[in-house]
Structure formats: structure tokens, C-alpha cells
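S.K.: Take a look at structure-v7.txt, compact mmCIF, C-alpha atoms and all ligand atoms:
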```txt
# COMPACT_ATOMS: atom_id res chain seq x y z
CA MET A 1 -7.56 14.70 20.76
CA ASP A 2 -7.37 10.95 21.12
CA PRO A 3 -7.79 9.38 17.66
CA GLN A 4 -10.48 7.10 19.05
CA THR A 5 -12.91 8.61 21.51
CA SER A 6 -15.21 6.25 23.34
CA GLN A 7 -18.49 7.29 21.69
CA ARG A 8 -17.30 6.62 18.19
CA PRO A 9 -17.15 3.18 16.57
CA ILE A 10 -13.93 1.23 17.06
CA TYR A 11 -11.74 1.93 14.05
CA LEU A 12 -10.69 -1.32 12.34
CA ASP A 13 -10.30 -0.14 8.75
CA GLY A 14 -6.53 0.29 8.64
CA HIS A 15 -6.24 -0.79 5.00
CA ALA A 16 -8.23 2.28 3.95
CA THR A 17 -6.28 4.72 6.08
CA THR A 18 -4.91 5.11 9.58
CA PRO A 19 -5.19 7.88 12.16
CA ILE A 20 -2.21 10.21 12.21
CA ASP A 21 0.14 9.50 15.11
CA PRO A 22 0.27 12.51 17.48
CA GLN A 23 4.09 12.45 17.26
CA VAL A 24 3.83 12.74 13.48
CA LEU A 25 1.51 15.71 13.76
CA ASP A 26 3.86 17.41 16.25
CA ALA A 27 6.77 16.96 13.86
CA MET A 28 4.76 18.54 11.04
CA LEU A 29 3.35 21.62 12.73
CA PRO A 30 6.49 23.82 12.73
CA TYR A 31 6.62 23.42 8.94
CA LEU A 32 3.10 24.79 8.65
CA ARG A 33 3.87 27.70 10.95
CA GLU A 34 7.22 29.48 11.10
CA GLN A 35 9.25 27.15 8.85
CA PHE A 36 6.93 27.58 5.88
CA GLY A 37 9.59 28.24 3.23
CA ASN A 38 9.69 26.75 -0.23
CA PRO A 39 12.46 24.13 -0.27
CA SER A 40 13.42 25.35 -3.75
CA SER A 41 14.11 28.90 -2.51
CA GLN A 42 17.88 29.16 -2.34
CA SER A 43 18.30 32.83 -1.41
CA HIS A 44 17.19 32.88 2.24
CA CYS A 45 16.92 30.88 5.44
CA TYR A 46 13.23 30.06 4.98
CA GLY A 47 14.11 28.04 1.92
CA TRP A 48 17.24 26.55 3.49
CA GLU A 49 15.34 25.31 6.56
CA ALA A 50 12.68 23.66 4.42
CA ALA A 51 15.31 22.15 2.12
CA ALA A 52 17.21 20.72 5.10
CA ALA A 53 14.02 19.12 6.43
CA VAL A 54 13.26 17.57 3.04
CA LYS A 55 16.84 16.33 2.76
CA HIS A 56 16.64 14.63 6.13
CA ALA A 57 13.28 13.06 5.27
CA ARG A 58 14.61 11.77 1.96
CA GLN A 59 17.49 10.10 3.80
CA VAL A 60 15.13 8.48 6.32
CA LEU A 61 12.97 7.07 3.54
CA ALA A 62 15.95 5.88 1.53
CA ASP A 63 17.43 4.12 4.58
CA ALA A 64 14.07 2.47 5.30
CA ILE A 65 14.08 0.65 1.94
CA HIS A 66 17.88 0.40 1.46
CA ALA A 67 18.00 2.95 -1.35
CA ASP A 68 20.05 6.10 -1.93
CA PRO A 69 18.41 9.47 -1.25
CA GLU A 70 18.71 10.52 -4.92
CA GLU A 71 16.49 7.54 -5.78
CA ILE A 72 13.49 8.89 -3.81
CA ILE A 73 10.98 11.14 -5.61
CA PHE A 74 8.19 12.65 -3.53
CA THR A 75 4.66 12.45 -4.89
CA SER A 76 1.13 13.08 -3.62
CA GLY A 77 0.70 9.43 -2.67
CA ALA A 78 0.83 5.91 -4.02
CA THR A 79 -1.74 6.53 -6.76
CA GLU A 80 0.49 9.15 -8.30
CA ALA A 81 3.62 7.06 -7.74
CA ASN A 82 2.00 4.08 -9.51
CA ASN A 83 0.92 6.26 -12.43
CA LEU A 84 4.39 7.76 -12.73
CA ALA A 85 6.07 4.34 -12.58
CA ILE A 86 3.80 2.51 -15.01
CA LYS A 87 3.08 5.23 -17.57
CA GLY A 88 6.57 6.66 -17.16
CA VAL A 89 8.27 3.34 -17.97
CA ALA A 90 5.82 2.54 -20.79
CA GLU A 91 6.61 5.85 -22.47
CA ALA A 92 10.37 5.72 -21.90
CA TYR A 93 10.86 2.14 -23.13
CA LEU A 94 8.67 2.25 -26.25
CA GLN A 95 11.61 1.06 -28.35
CA ARG A 96 12.12 -2.03 -26.21
CA GLY A 97 8.51 -3.23 -26.24
CA ARG A 98 4.90 -2.64 -25.37
CA HIS A 99 4.08 -5.55 -23.08
CA ILE A 100 3.38 -5.13 -19.36
CA VAL A 101 2.57 -7.82 -16.79
CA THR A 102 0.53 -7.24 -13.64
CA VAL A 103 -1.82 -9.26 -11.45
CA LYS A 104 -5.62 -9.42 -11.16
CA THR A 105 -5.53 -8.65 -7.43
CA GLU A 106 -3.64 -5.36 -7.73
CA HIS A 107 -5.04 -2.08 -6.40
CA ARG A 108 -7.00 -0.04 -8.91
CA ALA A 109 -4.20 2.54 -8.83
CA VAL A 110 -2.18 -0.07 -10.76
CA LEU A 111 -4.95 -1.69 -12.80
CA GLU A 112 -6.37 1.58 -14.15
CA PRO A 113 -3.07 3.01 -15.47
CA CYS A 114 -2.58 -0.38 -17.17
CA ARG A 115 -6.05 -0.20 -18.75
CA TYR A 116 -5.27 3.33 -19.88
CA LEU A 117 -2.12 2.07 -21.57
CA GLU A 118 -4.08 -0.71 -23.27
CA ARG A 119 -6.27 1.96 -24.84
CA LEU A 120 -3.09 3.56 -26.19
CA GLY A 121 -2.03 0.29 -27.83
CA PHE A 122 0.03 -1.40 -25.11
CA GLU A 123 -0.55 -5.04 -24.27
CA VAL A 124 -1.13 -5.98 -20.64
CA THR A 125 -1.23 -9.48 -19.12
CA TYR A 126 -3.29 -9.67 -15.91
CA LEU A 127 -1.96 -12.76 -14.11
CA ALA A 128 -4.31 -14.96 -12.11
CA VAL A 129 -3.37 -15.83 -8.52
CA ARG A 130 -3.51 -19.08 -6.57
CA PRO A 131 -6.52 -19.57 -4.24
CA ASP A 132 -4.38 -18.23 -1.35
CA GLY A 133 -3.77 -14.97 -3.23
CA LEU A 134 -0.10 -15.57 -4.03
CA VAL A 135 1.40 -15.23 -7.49
CA ASP A 136 2.62 -18.47 -9.05
CA LEU A 137 6.23 -17.86 -10.09
CA GLN A 138 6.08 -20.39 -12.90
CA ASP A 139 3.01 -18.67 -14.35
CA LEU A 140 4.86 -15.38 -14.10
CA ALA A 141 7.95 -16.77 -15.84
CA GLN A 142 5.79 -18.04 -18.69
CA THR A 143 4.26 -14.62 -19.37
CA LEU A 144 7.60 -12.85 -19.76
CA ARG A 145 8.47 -12.14 -23.41
CA SER A 146 11.21 -10.37 -25.29
CA ASP A 147 8.98 -7.28 -25.60
CA THR A 148 7.99 -7.24 -21.90
CA VAL A 149 9.20 -3.99 -20.35
CA LEU A 150 7.61 -4.01 -16.90
CA VAL A 151 6.21 -6.31 -14.23
CA SER A 152 4.09 -4.60 -11.56
CA ILE A 153 3.23 -6.69 -8.49
CA MET A 154 2.25 -5.29 -5.12
CA ALA A 155 4.07 -5.96 -1.84
CA ALA A 156 1.01 -6.40 0.40
CA ASN A 157 -2.58 -6.67 -0.77
CA SER A 158 -4.94 -3.90 0.33
CA GLU A 159 -7.91 -6.23 0.85
CA ILE A 160 -6.51 -9.51 2.11
CA GLY A 161 -3.05 -8.43 3.29
CA VAL A 162 -1.27 -11.22 1.40
CA LEU A 163 2.49 -10.64 0.98
CA GLN A 164 3.86 -11.46 -2.46
CA PRO A 165 7.34 -13.06 -2.69
CA LEU A 166 9.10 -9.88 -3.83
CA ALA A 167 12.67 -11.21 -3.78
CA GLU A 168 11.79 -14.19 -5.99
CA ILE A 169 9.78 -12.02 -8.37
CA GLY A 170 12.61 -9.49 -8.50
CA ALA A 171 15.21 -12.15 -9.26
CA LEU A 172 13.04 -13.57 -12.03
CA CYS A 173 12.50 -10.14 -13.62
CA ARG A 174 16.19 -9.30 -13.35
CA SER A 175 17.19 -12.55 -15.08
CA HIS A 176 14.80 -11.69 -17.95
CA ASN A 177 15.96 -8.07 -18.16
CA VAL A 178 12.47 -6.81 -17.28
CA LEU A 179 11.90 -3.89 -14.90
CA PHE A 180 10.11 -4.69 -11.64
CA HIS A 181 7.74 -2.21 -10.01
CA THR A 182 6.07 -2.90 -6.67
CA ASP A 183 3.23 -0.98 -5.05
CA ALA A 184 4.29 -1.09 -1.39
CA ALA A 185 1.58 1.25 -0.08
CA GLN A 186 0.44 -1.36 2.45
CA GLY A 187 3.95 -2.59 3.22
CA ILE A 188 6.02 0.44 4.18
CA GLY A 189 6.32 0.88 7.94
CA LYS A 190 4.92 -2.61 8.55
CA ILE A 191 7.14 -5.18 6.85
CA PRO A 192 10.84 -5.17 5.89
CA LEU A 193 11.43 -3.73 2.42
CA ASP A 194 14.83 -3.85 0.74
CA VAL A 195 15.05 -2.71 -2.88
CA ARG A 196 18.57 -4.12 -3.25
CA ALA A 197 17.93 -7.59 -1.82
CA MET A 198 14.55 -7.78 -3.61
CA SER A 199 15.87 -6.49 -6.98
CA VAL A 200 13.12 -3.87 -7.10
CA ASP A 201 13.53 -1.16 -9.76
CA LEU A 202 10.56 1.03 -8.80
CA MET A 203 8.63 1.11 -5.52
CA SER A 204 5.52 3.14 -4.70
CA LEU A 205 5.01 4.36 -1.14
CA THR A 206 2.41 6.37 0.75
CA ALA A 207 2.28 7.81 4.27
CA HIS A 208 -1.35 7.51 5.31
CA LYS A 209 -1.52 3.73 5.64
CA PHE A 210 0.90 3.80 8.57
CA TYR A 211 -0.03 6.79 10.75
CA GLY A 212 1.33 9.51 8.48
CA PRO A 213 -0.61 12.29 6.73
CA LYS A 214 -2.73 11.80 3.62
CA GLY A 215 -1.55 13.43 0.42
CA VAL A 216 2.12 12.44 0.40
CA GLY A 217 3.99 9.47 -0.96
CA ALA A 218 7.09 8.61 -2.91
CA LEU A 219 8.45 6.64 -5.81
CA TYR A 220 11.79 4.88 -5.54
CA ILE A 221 13.52 4.92 -8.93
CA ARG A 222 16.67 2.79 -9.27
CA ARG A 223 19.73 4.77 -10.43
CA ARG A 224 22.25 2.02 -11.11
CA SER A 225 22.38 -1.49 -12.55
CA PRO A 226 20.08 -0.78 -14.17
CA ARG A 227 19.48 2.97 -14.29
CA VAL A 228 15.72 3.23 -14.80
CA GLN A 229 14.48 5.68 -17.44
CA LEU A 230 11.19 7.39 -16.77
CA ALA A 231 9.11 9.86 -18.75
CA PRO A 232 7.76 12.50 -16.33
CA GLN A 233 3.97 12.70 -16.12
CA MET A 234 3.90 16.16 -14.52
CA HIS A 235 5.67 19.02 -16.27
CA GLY A 236 6.61 22.32 -14.67
CA GLY A 237 9.34 23.66 -12.43
CA GLU A 238 11.53 20.54 -12.71
CA GLN A 239 11.52 19.72 -9.00
CA GLU A 240 12.54 16.19 -8.00
CA ARG A 241 15.18 15.99 -10.74
CA GLY A 242 12.55 16.67 -13.36
CA PHE A 243 10.60 13.47 -12.56
CA ARG A 244 7.86 15.30 -10.70
CA SER A 245 7.35 19.03 -10.93
CA GLY A 246 5.51 20.92 -8.21
CA THR A 247 6.43 22.68 -4.96
CA LEU A 248 7.27 20.10 -2.32
CA PRO A 249 4.86 19.98 0.68
CA THR A 250 7.53 20.17 3.39
CA HIS A 251 5.18 19.49 6.30
CA GLN A 252 3.75 16.38 4.60
CA ILE A 253 7.21 15.08 3.78
CA VAL A 254 8.40 15.66 7.36
CA GLY A 255 5.34 13.78 8.64
CA PHE A 256 5.96 10.94 6.19
CA ALA A 257 9.52 10.50 7.45
CA LYS A 258 8.48 10.71 11.10
CA ALA A 259 5.88 7.98 10.48
CA VAL A 260 8.56 5.79 8.89
CA GLU A 261 10.90 6.33 11.83
CA LEU A 262 8.18 5.38 14.33
CA GLY A 263 7.21 2.35 12.25
CA LEU A 264 10.78 1.06 12.09
CA ALA A 265 11.36 1.68 15.80
CA GLU A 266 8.35 -0.37 16.90
CA GLN A 267 9.09 -3.35 14.65
CA PRO A 268 9.07 -6.30 15.08
CA GLN A 269 7.38 -6.14 18.51
CA GLU A 270 4.36 -4.30 17.16
CA GLY A 271 4.03 -6.89 14.41
CA ASP A 272 3.85 -9.61 17.04
CA ARG A 273 1.24 -7.69 19.02
CA LEU A 274 -0.94 -7.11 15.96
CA ARG A 275 -0.60 -10.75 14.91
CA GLN A 276 -1.83 -11.84 18.35
CA LEU A 277 -4.81 -9.49 18.17
CA ARG A 278 -5.63 -10.65 14.66
CA ASP A 279 -5.37 -14.32 15.57
CA ARG A 280 -7.52 -13.75 18.66
CA LEU A 281 -10.19 -12.11 16.50
CA TYR A 282 -10.13 -14.98 14.04
CA VAL A 283 -10.34 -17.63 16.79
CA ARG A 284 -13.43 -15.89 18.17
CA LEU A 285 -15.05 -15.51 14.75
CA GLN A 286 -14.52 -19.20 14.06
CA THR A 287 -17.26 -19.94 16.59
CA LEU A 288 -19.58 -18.92 13.74
CA ASP A 289 -20.58 -21.54 11.16
CA GLY A 290 -19.46 -21.16 7.56
CA ILE A 291 -16.57 -18.76 8.09
CA HIS A 292 -13.81 -18.69 5.44
CA LEU A 293 -10.45 -16.98 5.69
CA ASN A 294 -9.57 -15.04 2.54
CA GLY A 295 -5.89 -15.16 1.58
CA HIS A 296 -2.84 -17.04 2.76
CA PRO A 297 -3.07 -17.96 6.47
CA THR A 298 0.40 -16.76 7.47
CA GLN A 299 2.05 -14.90 4.58
CA ARG A 300 0.00 -11.83 5.40
CA LEU A 301 0.26 -8.40 7.03
CA PRO A 302 0.16 -8.88 10.81
CA GLY A 303 -2.92 -6.70 11.36
CA SER A 304 -4.94 -7.96 8.42
CA LEU A 305 -7.94 -10.30 8.57
CA ASN A 306 -10.43 -10.82 5.76
CA VAL A 307 -13.22 -13.37 6.16
CA SER A 308 -16.27 -14.43 4.18
CA ILE A 309 -19.32 -15.61 6.08
CA GLU A 310 -21.81 -17.98 4.47
CA GLY A 311 -25.45 -17.00 4.35
CA VAL A 312 -25.14 -13.29 5.18
CA ASP A 313 -25.21 -10.24 2.99
CA GLY A 314 -22.12 -8.01 3.24
CA ALA A 315 -24.10 -4.78 3.06
CA ALA A 316 -26.51 -5.91 5.80
CA LEU A 317 -23.56 -6.94 7.92
CA LEU A 318 -21.93 -3.51 7.63
CA LEU A 319 -25.21 -1.81 8.39
CA GLY A 320 -25.58 -3.84 11.56
CA LEU A 321 -22.01 -3.19 12.63
CA ARG A 322 -21.41 0.41 11.73
CA SER A 323 -22.45 2.03 15.00
CA GLN A 324 -20.02 -0.22 16.89
CA ILE A 325 -17.09 -0.93 14.61
CA ALA A 326 -15.70 0.73 11.49
CA VAL A 327 -14.76 -2.02 9.03
CA SER A 328 -15.29 -2.53 5.34
CA SER A 329 -16.61 -5.19 3.07
CA GLY A 330 -14.49 -5.96 0.02
CA SER A 331 -12.59 -3.01 -1.35
CA ALA A 332 -13.16 0.39 0.22
CA CYS A 333 -12.93 1.92 -3.26
CA ALA A 334 -15.38 -0.58 -4.70
CA SER A 335 -17.80 -0.65 -1.79
CA GLY A 336 -19.84 2.24 -3.17
CA ASP A 337 -21.22 -0.08 -5.82
CA ALA A 338 -22.66 -3.55 -5.39
CA LYS A 339 -19.95 -5.38 -7.33
CA PRO A 340 -18.11 -8.01 -5.31
CA SER A 341 -14.44 -7.34 -4.66
CA HIS A 342 -12.25 -8.08 -7.69
CA VAL A 343 -9.64 -9.48 -5.30
CA LEU A 344 -11.94 -12.05 -3.71
CA VAL A 345 -13.32 -13.03 -7.12
CA ALA A 346 -9.73 -13.56 -8.30
CA LEU A 347 -9.18 -15.97 -5.37
CA GLY A 348 -12.00 -18.04 -6.82
CA ARG A 349 -14.68 -17.08 -4.29
CA ASP A 350 -18.18 -17.20 -5.79
CA ARG A 351 -20.06 -13.89 -5.99
CA LYS A 352 -22.10 -14.60 -2.88
CA LEU A 353 -19.14 -15.40 -0.65
CA ALA A 354 -17.12 -12.55 -2.14
CA SER A 355 -19.92 -10.13 -1.24
CA ALA A 356 -20.34 -11.57 2.25
CA SER A 357 -16.89 -10.51 3.37
CA LEU A 358 -15.48 -8.39 6.16
CA ARG A 359 -12.06 -6.77 6.11
CA PHE A 360 -10.50 -5.99 9.48
CA GLY A 361 -7.39 -3.82 9.60
CA ILE A 362 -5.98 -3.78 13.13
CA GLY A 363 -3.46 -1.07 13.98
CA ARG A 364 -1.27 0.74 16.47
CA PHE A 365 -4.09 2.29 18.49
CA ASN A 366 -6.24 -0.82 18.83
CA THR A 367 -6.34 -2.72 22.12
CA LEU A 368 -7.21 -6.30 23.07
CA GLU A 369 -10.39 -4.98 24.71
CA GLU A 370 -11.48 -3.44 21.40
CA ILE A 371 -10.80 -6.69 19.57
CA GLU A 372 -12.96 -8.60 22.05
CA ILE A 373 -15.79 -6.09 21.55
CA ALA A 374 -15.41 -6.27 17.76
CA ALA A 375 -15.57 -10.07 17.89
CA SER A 376 -18.65 -10.11 20.12
CA GLU A 377 -20.42 -7.50 17.98
CA THR A 378 -19.66 -9.31 14.75
CA ILE A 379 -20.85 -12.64 16.13
CA ALA A 380 -24.07 -11.06 17.45
CA VAL A 381 -24.84 -9.28 14.18
CA VAL A 382 -24.13 -12.37 12.07
CA ARG A 383 -26.40 -14.47 14.31
CA SER A 384 -29.16 -11.88 14.02
CA LEU A 385 -28.96 -12.11 10.23
CA THR A 386 -28.86 -15.88 9.83
C1 LIG B 401 -4.07 2.99 -0.48
C2 LIG B 401 -3.39 2.31 -1.60
C3 LIG B 401 -3.06 3.00 -2.77
C4 LIG B 401 -3.41 4.44 -2.98
O1 LIG B 401 -2.58 5.25 -2.22
P1 LIG B 401 -2.85 6.82 -2.07
O2 LIG B 401 -1.65 7.32 -1.37
O3 LIG B 401 -4.11 6.91 -1.26
O4 LIG B 401 -2.99 7.36 -3.43
C5 LIG B 401 -2.40 2.31 -3.75
N1 LIG B 401 -2.07 1.02 -3.61
C6 LIG B 401 -2.38 0.33 -2.50
C7 LIG B 401 -1.96 -1.10 -2.38
C8 LIG B 401 -3.04 0.94 -1.46
O5 LIG B 401 -3.35 0.24 -0.37
```
Could you express the structure from this file as C-alpha cells?

M.R.:
Amino acid sequence: MDPQTSQRPIYLDGHATTPIDPQVLDAMLPYLREQFGNPSSQSHCYGWEAAAAVKHARQVLADAIHADPEEIIFTSGATEANNLAIKGVAEAYLQRGRHIVTVKTEHRAVLEPCRYLERLGFEVTYLAVRPDGLVDLQDLAQTLRSDTVLVSIMAANSEIGVLQPLAEIGALCRSHNVLFHTDAAQGIGKIPLDVRAMSVDLMSLTAHKFYGPKGVGALYIRRRSPRVQLAPQMHGGEQERGFRSGTLPTHQIVGFAKAVELGLAEQPQEGDRLRQLRDRLYVRLQTLDGIHLNGHPTQRLPGSLNVSIEGVDGAALLLGLRSQIAVSSGSACASGDAKPSHVLVALGRDRKLASASLRFGIGRFNTLEEIEIAASETIAVVRSLT
């Protein structure tokens, strides 16, 4: 089935998740049918076939971020990878210190493990960002202390798409002998990631934000200079070199790797196409009065557009739009409650403007025609509300 049939609203919520690419699904199916073996089974061909598929996928992922295959640990997604990285480092480096630095605009899958650690007696600094959403490197340098063990700063923001300067942050952390973790859930498959050039020690990945299946992700864990220590958070059969026990979901892992391959193959042309669609949408929306772009104008994911609109209520806006286009207001995770997005508040937006926001995530299956419809619909609904 086509991921977007004509009767359904146009899907423009790519930061929340993306439709699975049909080629990804095709790659996965044999591993749900005949090649169903447990990759840990070493006594028969069912196990060998599954193990070979996992090995290939691990290589694809490693190549995509310039890592070695032994540095890739499969997880259930980026939430688990973030928990393993942050809690795992905190526990393993207790002797070195108890101070962690992160940023106010991080995903809750980073903020909540940090809050959990605070309850256990760790100290966490939540850095403010500039009005454009970027981290100030001087501010970051000033927070680093002799007992700082970890800095966790995301690659691409899940609400405003802003891209943090990973290489500069990595160099700074390296020069202070502090480990650097980055949540690259929104980056993988869309922007270049290079753990060597960016001096990244731990990187969280997930498949479902770039046309792969939900329920699979990975954590990159550096093995040399420095070799990162990590306390496992899941104990059991010692899969994944003891870092993450549990039977590997071969079909999910195969789909993850296929999605990465497709993402790399279409770059950078697809990035240019998405950027054009995004810019077209923004140009059209600017015919409205009181429209504000949230986040840096160019240092942003190509398909990402987040705007606040003066004088309208975000919830009313979504209600008016939802039969035509699927978008979100603020954070998808936070949109169940009435609180304005913590990311937009951190940019310095007042509560009203933070609540009156729309997040568009344009992706592989969107067309120019859909973008024109989305623009017209949004303009019409805003005008009907003001
Ligand atoms: C989606 C997302 C997550 C959570 O990933 P899951 O694989 O759904 O657990 C974490 N961080 C960021 C930045 C995300 O966009």
C-alpha cells in the first residue's frame, strides 16, 4: 500500500516518525519468514544466516558514521541508547566525578535520564541556548569542571531541526578529557555524521525517523582513544558484548541498515529537494502577519520548519488542520498536555507564541503539490481563527 493514500491527511510530521520505505520492508520480510533464526544460535544454518545478516547490518551502520563494527551496539531505539549512554557512563565513571552537562532543548529521552541521575545524587547542568537554538561554545567551556564526566548534546533538534556544531563541541570535550555523547536520532540518514572527525564518544541512533522500522536503534561506543567504559543497564544473556542483553531482532536490524543505505544513496540530492520544499512552504506562510521562524534559519535539517503565529491558539490550529494535514504543535511527546514546548520556551519565546507553533517535518514521500496544499490550508485556517 502507498504510505499516503489520497483520502488521508498529508503526512508532514516527520520528526515524530516516518513511513517505512517499501524497499526497507521488502528487505525485512525474509527475516520474519524463513530466515527466522536466533543470531546467537551457533549450531545450525538458521542461526548462521541471521548472524550474517546482523554482521552485514552492523558494518553498514559503522560505515555510515565512520566507526568500527565492534563499536555498534543494537538497542530498541534512541530512548534506550540514550539511557544506556548516560546512566552507563555515570555508573562506570563514579570515581572520576558526578557532574554531567546537557542542554535545555534536548529530547526528553536525554533530560529524563539526567533527572533520574540527579535524584541519585549526580549534579547536572542544563545549558541555555542562544535565541537561534544553538549552543554557545563559550558557555559550554565555562561549565566544564574537573569532575565533569559527560557532555550530552544532540545532533539535530526534534522540534526545530537545529543542527548543533558537533565537531567544535567534540573538540572542546576532548581537550577537557570529558566524554561526549550525542543523540543523533534526527540526524542519521539525513546529515553527515562522522564520529572520528567530530570526536564523538557515544552516539544514539534510531531507525524510524528515516523510513526504517520502529523499535530498533543503536549506540555507538568508542573503543579506542579513549576506550569508553559503560555499565550495562540490561542484564541477561550477554549479547552485544555484554552491553545490552536480549535476543537481537534480526528483521528490525536488517531494516535499519537498509534504511541507512537508502538514506546515504539519496544524499545530498534529497537534502536539496527537501530544502526547496521547506523554503517554498515558509515563503507561502510568510504571507500571514505575525509569523516567526523558530530556530536558526539555515543551520537546520533540510525538511524541518517550525513557526509560531501571533494571535492564534496552537490547539485550535491543529484542530482546524487535522483533516487535511498531519502536523504537530510543539513537541509530539508534550502535546498531550497544555504545556508549551520546553524547546521553544528555551529559545526565549513567550508562552503564547510557544503554544501557537506548528512543526512541519517534510520527507521522502512528500511532493511539491502536497506542500502547496499544506500552505494553502494553513493560511486559510489561520485566517479563519484571527
Ligand atoms: C525520536 C527521538 C528519540 C526517541 O527515539 P526512539 O527510537 O523513538 O526511542 C530520541 N531523541 C530524539 C532527538 C528523537 O527525535

S.K.: With all atoms listed in the file counted, which protein, DNA or RNA residues have an atom no more than 12 Å from (1.1, 14.1, -3.9) in the file frame? Please answer as a VMD selection string.

M.R.: chain A and resid 73 to 84 204 to 208 213 to 219 234 244 to 250 252 to 253 256

S.K.: Hey, what's within 10 Å of range 136-145 of chain A if we count only C-alpha atoms and toss same-chain stuff fewer than 6 positions away? As a list of chain:residue names, please?

M.R.: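 The residues satisfying every condition are A:Gly97, A:His99, A:Ile100, A:Val101, A:Thr102, A:Val103, A:Thr125, A:Tyr126, A:Leu127, A:Ala128, A:Val129, A:Arg130, A:Val151, A:Gln164, A:Pro165, A:Glu168, A:Ile169, A:Leu172, A:Cys173, A:His176, A:Asn177, A:Val178.
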
S.K.: Using Å and a single decimal, report how far CA of Leu202 in chain A sits from CA of Glu70 in chain A.

M.R.: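 Answer for the CA of Glu70 in chain A to CA of Leu202 in chain A separation: 13.1 Å.
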
S.K.: Using the file's own x, y and z axes, what box holds all listed atoms of ligand LIG 401 (chain B) with 4 Å on each side, keeping edges along x, y and z, and what are its centre and edge lengths in Å to one decimal, as lines of an AutoDock Vina configuration file?

M.R.:
```
center_x = -2.9
center_y = 3.1
center_z = -2.1
size_x = 10.5
size_y = 16.5
size_z = 11.4
```

S.K.: For each of A:Ile188, A:Ala90, A:Val327, A:Leu301, take the minimum atom-to-atom distance to Gly121 in chain A, counting only C-alpha atoms, then give the residue where this is smallest.

M.R.: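 Closest candidate: A:Ala90.
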
S.K.: From the list A:Leu25, A:Leu193, A:Ser384, A:Leu12, which residue is nearest Ala64 in chain A when using all atoms listed in the file?

M.R.: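 Smallest separation from Ala64 in chain A among the options: A:Leu193.
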
S.K.: Taking only C-alpha atoms into account, name the residue in A:Leu163, A:Val195, A:Ala109, A:Leu32 that is nearest to Pro297 in chain A.

M.R.: A:Leu163

S.K.: Name the closest residue to ligand LIG 401 (chain B) among the candidates A:Ser329, A:Gln267, A:Thr182, A:Thr386; distances are taken between atoms, counting all atoms listed in the file.

M.R.: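 Checking each of A:Ser329, A:Gln267, A:Thr182, A:Thr386 against ligand LIG 401 (chain B), counting all atoms listed in the file, the winner is A:Thr182.
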
S.K.: Quick one: of A:His66, A:Lys55, A:Lys209, A:Arg8, who's nearest to ligand LIG 401 (chain B), counting only C-alpha atoms and all ligand atoms?

M.R.: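 Nearest to ligand LIG 401 (chain B): A:Lys209.
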
S.K.: Just to confirm, what's the straight-line distance from CA of Glu118 in chain A to atom C2 of ligand LIG 401 (chain B) in Å (one decimal)?

M.R.: 21.9 Å

S.K.: Please, what distance in Å, to one decimal, runs between atom C7 of ligand LIG 401 (chain B) and CA of Asn157 in chain A?

M.R.: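 Going from atom C7 of ligand LIG 401 (chain B) over to CA of Asn157 in chain A, I get 5.8 Å.
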
S.K.: Which is closer to Glu266 in chain A than all the others in A:Asp63, A:Lys190, A:Arg351, A:Pro131, using all atoms listed in the file?

M.R.: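 Smallest distance to Glu266 in chain A is found for A:Lys190.
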
S.K.: Take range 374-385 of chain A, model N, CA and C atoms, and hand the result over as a PDB file, keeping the file's coordinate frame.

M.R.:
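Dumped everything to result-v1.pdb:
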```pdb
ATOM      1  N   ALA A 374     -15.163  -6.106  19.202  1.00  0.00           N
ATOM      2  CA  ALA A 374     -15.410  -6.270  17.760  1.00  0.00           C
ATOM      3  C   ALA A 374     -15.845  -7.703  17.466  1.00  0.00           C
ATOM      4  N   ALA A 375     -15.206  -8.671  18.115  1.00  0.00           N
ATOM      5  CA  ALA A 375     -15.570 -10.070  17.890  1.00  0.00           C
ATOM      6  C   ALA A 375     -16.995 -10.331  18.369  1.00  0.00           C
ATOM      7  N   SER A 376     -17.310  -9.871  19.569  1.00  0.00           N
ATOM      8  CA  SER A 376     -18.650 -10.110  20.120  1.00  0.00           C
ATOM      9  C   SER A 376     -19.722  -9.455  19.237  1.00  0.00           C
ATOM     10  N   GLU A 377     -19.461  -8.228  18.827  1.00  0.00           N
ATOM     11  CA  GLU A 377     -20.420  -7.500  17.980  1.00  0.00           C
ATOM     12  C   GLU A 377     -20.643  -8.221  16.670  1.00  0.00           C
ATOM     13  N   THR A 378     -19.545  -8.649  16.046  1.00  0.00           N
ATOM     14  CA  THR A 378     -19.660  -9.310  14.750  1.00  0.00           C
ATOM     15  C   THR A 378     -20.462 -10.607  14.894  1.00  0.00           C
ATOM     16  N   ILE A 379     -20.147 -11.363  15.913  1.00  0.00           N
ATOM     17  CA  ILE A 379     -20.850 -12.640  16.130  1.00  0.00           C
ATOM     18  C   ILE A 379     -22.338 -12.372  16.351  1.00  0.00           C
ATOM     19  N   ALA A 380     -22.646 -11.355  17.159  1.00  0.00           N
ATOM     20  CA  ALA A 380     -24.070 -11.060  17.450  1.00  0.00           C
ATOM     21  C   ALA A 380     -24.800 -10.620  16.188  1.00  0.00           C
ATOM     22  N   VAL A 381     -24.169  -9.777  15.388  1.00  0.00           N
ATOM     23  CA  VAL A 381     -24.840  -9.280  14.180  1.00  0.00           C
ATOM     24  C   VAL A 381     -25.022 -10.409  13.171  1.00  0.00           C
ATOM     25  N   VAL A 382     -24.000 -11.238  13.009  1.00  0.00           N
ATOM     26  CA  VAL A 382     -24.130 -12.370  12.070  1.00  0.00           C
ATOM     27  C   VAL A 382     -25.272 -13.276  12.519  1.00  0.00           C
ATOM     28  N   ARG A 383     -25.336 -13.562  13.810  1.00  0.00           N
ATOM     29  CA  ARG A 383     -26.400 -14.470  14.310  1.00  0.00           C
ATOM     30  C   ARG A 383     -27.772 -13.847  14.086  1.00  0.00           C
ATOM     31  N   SER A 384     -27.869 -12.527  14.216  1.00  0.00           N
ATOM     32  CA  SER A 384     -29.160 -11.880  14.020  1.00  0.00           C
ATOM     33  C   SER A 384     -29.595 -11.909  12.556  1.00  0.00           C
ATOM     34  N   LEU A 385     -28.640 -12.135  11.671  1.00  0.00           N
ATOM     35  CA  LEU A 385     -28.960 -12.110  10.230  1.00  0.00           C
ATOM     36  C   LEU A 385     -29.133 -13.515   9.649  1.00  0.00           C
TER      37      LEU A 385
END
```
